[in-house]
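Colleague: Structure incoming, see below.
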Amino acid sequence: MKKLLARLSLHAEAGKKWVIALPTIWLGLFFAMPFLIVLKIAFAEADIAIPPYTALLSMADQAFDLHVYFGNFVFLTEDSLYLVAYLNSLKMAALSTLLCLLIGYPMAYYIARAKSNTQSILLLLILLPSWTSFLIRIYAWIGILKSNGVLNNVLLWLGVIDQPLAILNTNIAVYIGIVYAYLPFMVLPLYANLVKHDYSLIEASLDLGARRLKSFWNITFPLSRNGIVAGSMLVFIPVVGEYVIPELLGGTNSIVIGKVMWQEFFNNRDWPLASSLALIMLLILMIPIHLFRKHQEKEWEDSK
Amino acid sequence: MIEPSLSRDSADGHFLQIKSIVKTYDDVVAVNDVSLDIAKGDIFALLGASGSGKSTLLRMLAGFETPNSGQIILDGEDIVSLAPYRRPINMMFQSYALFPHMTVEQNIAYGLKQDRMPKNLIADKVVQMLRLVHMEKYAKRKPEQLSGGQRQRVALARSLAKSPKLLLLDEPMGALDKKLRNRMQLEVVDILESVGVTCVMVTHDQEEAMTMANRIAIMEEGRIVQAGTPRDIYEAPNSLQAAEFIGSMNLFHGTITVDAQDHAVIQTTEVATPMYVSYGVTTAIEDKQVVFAVRPEKTLISRDQPDSQYNWCHGVVHDIAYLGGHSVYHIRLDNGKIVYSFMINSDRFADLPTWEESVYVHWSDDSGLVLRP
């Protein structure tokens, strides 16, 4: 009997390795490999060939040639277009995150404080739009925002305006689209945080002489910090690289890094430059990700 | 400021007056026409099972619930319409509700800060409160770094920091284990007495109520069954409900046969021997149905038949629960009824009745009570 158990536990040890192996292989194949390829291309020169860049390693004249090209990165610093694109993207992401927070916090708070069966209905309503295609929903916004679209027609009919508003193909349309698309990513982590709050803390604050709004600021808001951080990261990081929404709803003058990358890659067929752009974006995004991780570690330390 | 200790039996019975409070939720009556008078310096316990309305009553005192009708007058002022943050009342919550993102110090200072007290005065007061609850060393800790007993001390300090006119305790020992509970009960009472604060507490634990409070009100189904000192309630319950709620009771249903000024005799349907109580009952002639009650610790067990013509019954020992300090004997009477009797284990090796032995249970004339069914 003991032997059998020992043998079983031996299998369990091996099983553990297999369980970890599967996601490791997955990450290696579909995350690390593509990343290394991008890294390789970023240090290559554009070439008229298939694929359109020079090889990193080559064998010629009995010599092993390592060709590492830094020109792409130098070029990025020479043309201010790229700096502007990065700054625009960061600004867009920051402002969208703030807007999502301002709209999403009251929503999440309301859902978290609703009755439990109302809660599930409200959560469903938040999630329901994402059951249709992201692209279709952004196209729908074109129909709403264009000069003879739903919004303008309603406003004209109501007499609020006498000229159609030019919203489509402006930054406002981009912000509307981004806030619309990314709001669930803000609401859900905030809800998950707020729903766990113990209401007796608010009662204790009221009992000790703080009014409702003050109790919210003193107690609920600081205690929801983790939800705010998580939601903001989930909005900020993807919005920096957002391509579809600025492309469809924004004007030609909205220069963001996603669009610039697209142009370099598809229009100019300059894969190395596009790759180095992507690499720089990744480096920029590592700052908030690093801060987020440090924050989480601190939380973990505190809770011990 | 710590006020000088007040006498626990203050003559002023009108410090907190609860007048005809009614609270309903939808169609359920949670608190049904409750009136209570609580004196300054009292530690008053609302004792009842869950759903008896005691917590609702406490929450109405704190201001978290509004009564449908009735008045709550604290120190001459009707507070029913005041918001919780305007009431001179503080509460220690059952879960303590300490703010997890603040240190012990910040928790205690929270209420004082809301009053815009100058910073140096707040600091002094916090030190004073920490000293009161013996938590000086833990000022910089977060609540999650404290044990259950320490959290309770902080919660108590926080609710006392504003020197409230009235302190509310919601199941104060509910979150502690039994051993710690017994120690903290006495310690909390000591602190409350040293501050001299008037206190209303809610508990479902009769031992806790009797240990901590100087007055108790038993609540059942939204009503006050009886209010009085722990001794009053235990020794002179005014109803069957009160008698059954606290401690255990042997009950015999019967009718009054003799009702004089200084004694009464009850003939029960369950035992042949009549029951005698040493006080007049003053019943109406047409309503002679009563219940005779006697507490188990007031009865004695003997092997010989008692001399008296009253107050005994015969049976066999059905079961014995040995509890160390005392044993509970379950005596099965000839008609099958079980009567309980406590036997103090004062001798280590006494010759005590054992299982299936024939015994007599008897008690003195002033031990029994007459209750209305």
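Ordering of the structure tokens sets the chain letters (A, B, ...), residue numbers begin anew at 1 in every chain, and ligands are numbered from 1 in the order given.
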Give me, as a VMD selection string, the contact residues of chain B against chain A at a cut-off of 12 Å, counting only C-alpha atoms.
Modeller: chain B and resid 59 to 65 82 to 102 106 to 116 141 to 146 155 158 to 164 166 to 168 170
Colleague: Would you give me, as a PyMOL selection string, the residues in range 289-333 of chain B that DSSP reads as strand (DSSP E)?
Modeller: chain B and resi 289-294+300-302+312-322+326-333
Colleague: Please provide the set of residues having any atom within 10 Å of Leu87 in chain A, restricted to only C-alpha atoms, with same-chain residues fewer than 4 positions apart removed, written as a short mmCIF file (atom, residue, chain, number, x, y, z; two decimals) with all heavy atoms, in the first residue's frame.
Modeller:
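And here is the file that came out, part07.cif:
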```cif
data_model
loop_
_atom_site.label_atom_id
_atom_site.label_comp_id
_atom_site.auth_asym_id
_atom_site.auth_seq_id
_atom_site.Cartn_x
_atom_site.Cartn_y
_atom_site.Cartn_z
N LEU A 81 8.21 63.28 -36.38
CA LEU A 81 6.91 62.61 -36.55
C LEU A 81 6.71 61.52 -35.51
O LEU A 81 5.64 61.39 -34.92
CB LEU A 81 6.83 62.00 -37.96
CG LEU A 81 5.68 61.02 -38.18
CD1 LEU A 81 4.40 61.78 -38.47
CD2 LEU A 81 5.99 60.03 -39.29
N TYR A 82 7.80 60.74 -35.27
CA TYR A 82 7.66 59.60 -34.38
C TYR A 82 7.48 60.05 -32.94
O TYR A 82 6.65 59.50 -32.22
CB TYR A 82 8.86 58.67 -34.54
CG TYR A 82 9.02 58.23 -35.97
CD1 TYR A 82 10.07 58.69 -36.76
CD2 TYR A 82 8.07 57.40 -36.56
CE1 TYR A 82 10.18 58.31 -38.08
CE2 TYR A 82 8.17 57.02 -37.88
CZ TYR A 82 9.23 57.48 -38.65
OH TYR A 82 9.32 57.12 -39.96
N LEU A 83 8.25 61.06 -32.55
CA LEU A 83 8.10 61.58 -31.18
C LEU A 83 6.68 62.11 -30.97
O LEU A 83 6.03 61.83 -29.96
CB LEU A 83 9.13 62.69 -30.94
CG LEU A 83 9.14 63.24 -29.52
CD1 LEU A 83 9.63 62.19 -28.53
CD2 LEU A 83 9.97 64.51 -29.42
N LYS A 91 -0.77 60.71 -24.64
CA LYS A 91 -1.77 61.68 -24.20
C LYS A 91 -3.18 61.10 -24.36
O LYS A 91 -4.01 61.17 -23.45
CB LYS A 91 -1.64 62.97 -25.02
CG LYS A 91 -2.38 64.16 -24.41
CD LYS A 91 -2.34 65.36 -25.34
CE LYS A 91 -3.66 65.48 -26.06
NZ LYS A 91 -3.66 66.52 -27.10
N MET A 92 -3.38 60.49 -25.53
CA MET A 92 -4.69 59.89 -25.80
C MET A 92 -5.01 58.81 -24.77
O MET A 92 -6.12 58.75 -24.23
CB MET A 92 -4.68 59.29 -27.21
CG MET A 92 -5.99 58.72 -27.67
SD MET A 92 -5.88 58.16 -29.40
CE MET A 92 -5.04 56.61 -29.18
N ALA A 93 -4.02 57.97 -24.47
CA ALA A 93 -4.24 56.89 -23.52
C ALA A 93 -4.53 57.45 -22.13
O ALA A 93 -5.43 56.98 -21.43
CB ALA A 93 -3.04 55.96 -23.49
N VAL A 240 -2.64 52.84 -25.79
CA VAL A 240 -1.40 53.42 -26.35
C VAL A 240 -1.17 52.89 -27.76
O VAL A 240 -0.82 53.63 -28.67
CB VAL A 240 -0.19 53.11 -25.43
CG1 VAL A 240 1.10 53.51 -26.13
CG2 VAL A 240 -0.32 53.84 -24.12
N ILE A 255 -2.31 61.77 -35.49
CA ILE A 255 -1.12 60.93 -35.63
C ILE A 255 -0.91 60.18 -34.33
O ILE A 255 -0.58 60.79 -33.31
CB ILE A 255 0.11 61.81 -35.94
CG1 ILE A 255 -0.13 62.58 -37.22
CG2 ILE A 255 1.36 60.95 -36.06
CD1 ILE A 255 0.82 63.72 -37.43
N VAL A 256 -1.15 58.88 -34.37
CA VAL A 256 -0.87 58.06 -33.19
C VAL A 256 0.04 56.92 -33.62
O VAL A 256 0.15 56.60 -34.81
CB VAL A 256 -2.17 57.51 -32.55
CG1 VAL A 256 -2.97 58.63 -31.93
CG2 VAL A 256 -2.99 56.73 -33.55
N ILE A 257 0.68 56.30 -32.64
CA ILE A 257 1.75 55.37 -32.94
C ILE A 257 1.23 54.14 -33.68
O ILE A 257 1.89 53.58 -34.55
CB ILE A 257 2.54 55.00 -31.65
CG1 ILE A 257 3.93 54.51 -32.01
CG2 ILE A 257 1.83 54.00 -30.81
CD1 ILE A 257 4.79 55.57 -32.65
#
```
Colleague: In Å, with one decimal, what is the gap from CA of Phe265 in chain A to CA of Ile176 in chain A?
Modeller: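 Computed distance, CA of Phe265 in chain A to CA of Ile176 in chain A, equals 27.2 Å.
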Colleague: Please provide as an MDAnalysis selection string all residues within 10 Å of Ile191 in chain B, with the sequence filter that same-chain residues fewer than 4 positions apart are discarded (counting only C-alpha atoms).
Modeller: chainID B and resid 132:133 153 156:157 160 186:187 195:197
Colleague: Name the closest residue to Pro106 in chain A among the candidates A:Leu234, A:Asn253, A:Lys17, A:Leu190; distances are taken between atoms, counting only C-alpha atoms.
Modeller: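 Of A:Leu234, A:Asn253, A:Lys17, A:Leu190, the one nearest Pro106 in chain A is A:Leu190, counting only C-alpha atoms.
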Colleague: Any chance you could list, as a ChimeraX atom specification, the residues in range 229-283 of chain B that come up alpha helix (DSSP H) when DSSP is run on the backbone?
Modeller: /B:230-235,240-245
Colleague: Let's have the selection written as an mmCIF file, in the first residue's frame, with all heavy atoms.
Modeller:
```
data_model
loop_
_atom_site.group_PDB
_atom_site.id
_atom_site.type_symbol
_atom_site.label_atom_id
_atom_site.label_comp_id
_atom_site.auth_asym_id
_atom_site.auth_seq_id
_atom_site.Cartn_x
_atom_site.Cartn_y
_atom_site.Cartn_z
ATOM 1 N N PRO B 230 -30.089 42.108 36.320
ATOM 2 C CA PRO B 230 -29.907 40.681 36.036
ATOM 3 C C PRO B 230 -30.563 39.807 37.106
ATOM 4 O O PRO B 230 -31.217 38.811 36.792
ATOM 5 C CB PRO B 230 -28.387 40.516 36.038
ATOM 6 C CG PRO B 230 -27.852 41.846 35.654
ATOM 7 C CD PRO B 230 -28.818 42.846 36.230
ATOM 8 N N ARG B 231 -30.453 40.219 38.378
ATOM 9 C CA ARG B 231 -31.044 39.425 39.459
ATOM 10 C C ARG B 231 -32.561 39.396 39.361
ATOM 11 O O ARG B 231 -33.182 38.340 39.483
ATOM 12 C CB ARG B 231 -30.593 39.973 40.815
ATOM 13 C CG ARG B 231 -31.166 39.254 42.006
ATOM 14 C CD ARG B 231 -30.617 39.787 43.305
ATOM 15 N NE ARG B 231 -29.259 39.330 43.555
ATOM 16 C CZ ARG B 231 -28.977 38.214 44.246
ATOM 17 N NH1 ARG B 231 -29.942 37.466 44.738
ATOM 18 N NH2 ARG B 231 -27.740 37.854 44.443
ATOM 19 N N ASP B 232 -33.148 40.565 39.105
ATOM 20 C CA ASP B 232 -34.608 40.632 38.947
ATOM 21 C C ASP B 232 -35.075 39.649 37.887
ATOM 22 O O ASP B 232 -36.038 38.897 38.074
ATOM 23 C CB ASP B 232 -35.043 42.031 38.457
ATOM 24 C CG ASP B 232 -35.033 43.040 39.577
ATOM 25 O OD1 ASP B 232 -34.986 42.601 40.744
ATOM 26 O OD2 ASP B 232 -35.072 44.253 39.279
ATOM 27 N N ILE B 233 -34.392 39.707 36.760
ATOM 28 C CA ILE B 233 -34.846 38.919 35.625
ATOM 29 C C ILE B 233 -34.676 37.435 35.884
ATOM 30 O O ILE B 233 -35.516 36.622 35.530
ATOM 31 C CB ILE B 233 -34.108 39.374 34.344
ATOM 32 C CG1 ILE B 233 -34.659 40.732 33.928
ATOM 33 C CG2 ILE B 233 -34.255 38.362 33.237
ATOM 34 C CD1 ILE B 233 -34.077 41.281 32.676
ATOM 35 N N TYR B 234 -33.612 37.102 36.592
ATOM 36 C CA TYR B 234 -33.369 35.685 36.849
ATOM 37 C C TYR B 234 -34.265 35.165 37.971
ATOM 38 O O TYR B 234 -34.875 34.110 37.849
ATOM 39 C CB TYR B 234 -31.898 35.468 37.206
ATOM 40 C CG TYR B 234 -31.522 34.015 37.271
ATOM 41 C CD1 TYR B 234 -31.228 33.314 36.111
ATOM 42 C CD2 TYR B 234 -31.484 33.341 38.487
ATOM 43 C CE1 TYR B 234 -30.904 31.970 36.155
ATOM 44 C CE2 TYR B 234 -31.161 31.995 38.534
ATOM 45 C CZ TYR B 234 -30.870 31.313 37.368
ATOM 46 O OH TYR B 234 -30.555 29.993 37.416
ATOM 47 N N GLU B 235 -34.336 35.925 39.050
ATOM 48 C CA GLU B 235 -35.056 35.435 40.232
ATOM 49 C C GLU B 235 -36.540 35.731 40.169
ATOM 50 O O GLU B 235 -37.339 35.017 40.767
ATOM 51 C CB GLU B 235 -34.465 36.059 41.508
ATOM 52 C CG GLU B 235 -32.995 35.771 41.735
ATOM 53 C CD GLU B 235 -32.701 34.295 42.028
ATOM 54 O OE1 GLU B 235 -33.660 33.511 42.175
ATOM 55 O OE2 GLU B 235 -31.512 33.940 42.093
ATOM 56 N N LEU B 240 -43.655 33.669 31.420
ATOM 57 C CA LEU B 240 -43.109 32.398 31.009
ATOM 58 C C LEU B 240 -41.962 32.593 30.014
ATOM 59 O O LEU B 240 -40.927 31.941 30.085
ATOM 60 C CB LEU B 240 -44.226 31.575 30.357
ATOM 61 C CG LEU B 240 -44.106 30.063 30.408
ATOM 62 C CD1 LEU B 240 -43.871 29.590 31.818
ATOM 63 C CD2 LEU B 240 -45.352 29.424 29.821
ATOM 64 N N GLN B 241 -42.140 33.570 29.104
ATOM 65 C CA GLN B 241 -41.112 33.858 28.097
ATOM 66 C C GLN B 241 -39.795 34.231 28.758
ATOM 67 O O GLN B 241 -38.737 33.708 28.414
ATOM 68 C CB GLN B 241 -41.554 35.036 27.217
ATOM 69 C CG GLN B 241 -42.491 34.674 26.101
ATOM 70 C CD GLN B 241 -43.014 35.933 25.442
ATOM 71 O OE1 GLN B 241 -43.461 36.855 26.128
ATOM 72 N NE2 GLN B 241 -42.957 35.979 24.139
ATOM 73 N N ALA B 242 -39.872 35.169 29.721
ATOM 74 C CA ALA B 242 -38.666 35.640 30.398
ATOM 75 C C ALA B 242 -38.021 34.491 31.161
ATOM 76 O O ALA B 242 -36.802 34.328 31.154
ATOM 77 C CB ALA B 242 -39.001 36.788 31.336
ATOM 78 N N ALA B 243 -38.849 33.679 31.811
ATOM 79 C CA ALA B 243 -38.330 32.577 32.614
ATOM 80 C C ALA B 243 -37.618 31.562 31.735
ATOM 81 O O ALA B 243 -36.580 31.017 32.106
ATOM 82 C CB ALA B 243 -39.473 31.907 33.364
ATOM 83 N N GLU B 244 -38.181 31.295 30.581
ATOM 84 C CA GLU B 244 -37.576 30.292 29.713
ATOM 85 C C GLU B 244 -36.363 30.841 28.981
ATOM 86 O O GLU B 244 -35.494 30.093 28.580
ATOM 87 C CB GLU B 244 -38.612 29.789 28.694
ATOM 88 C CG GLU B 244 -39.604 28.840 29.329
ATOM 89 C CD GLU B 244 -40.584 28.280 28.316
ATOM 90 O OE1 GLU B 244 -41.185 29.092 27.589
ATOM 91 O OE2 GLU B 244 -40.740 27.062 28.259
ATOM 92 N N PHE B 245 -36.305 32.171 28.802
ATOM 93 C CA PHE B 245 -35.199 32.742 28.034
ATOM 94 C C PHE B 245 -33.895 32.669 28.798
ATOM 95 O O PHE B 245 -32.856 32.348 28.251
ATOM 96 C CB PHE B 245 -35.512 34.192 27.648
ATOM 97 C CG PHE B 245 -34.601 34.682 26.563
ATOM 98 C CD1 PHE B 245 -34.947 34.495 25.236
ATOM 99 C CD2 PHE B 245 -33.392 35.274 26.864
ATOM 100 C CE1 PHE B 245 -34.100 34.897 24.226
ATOM 101 C CE2 PHE B 245 -32.538 35.690 25.861
ATOM 102 C CZ PHE B 245 -32.889 35.499 24.542
#
```
Colleague: Near Ser52 in chain B, within 7 Å and counting only C-alpha atoms, which residues show up once chain neighbours fewer than 6 positions away are dropped, as a list in words?
Modeller: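 The filter keeps Met219, Glu220, Glu221 and Gly222 of chain B.
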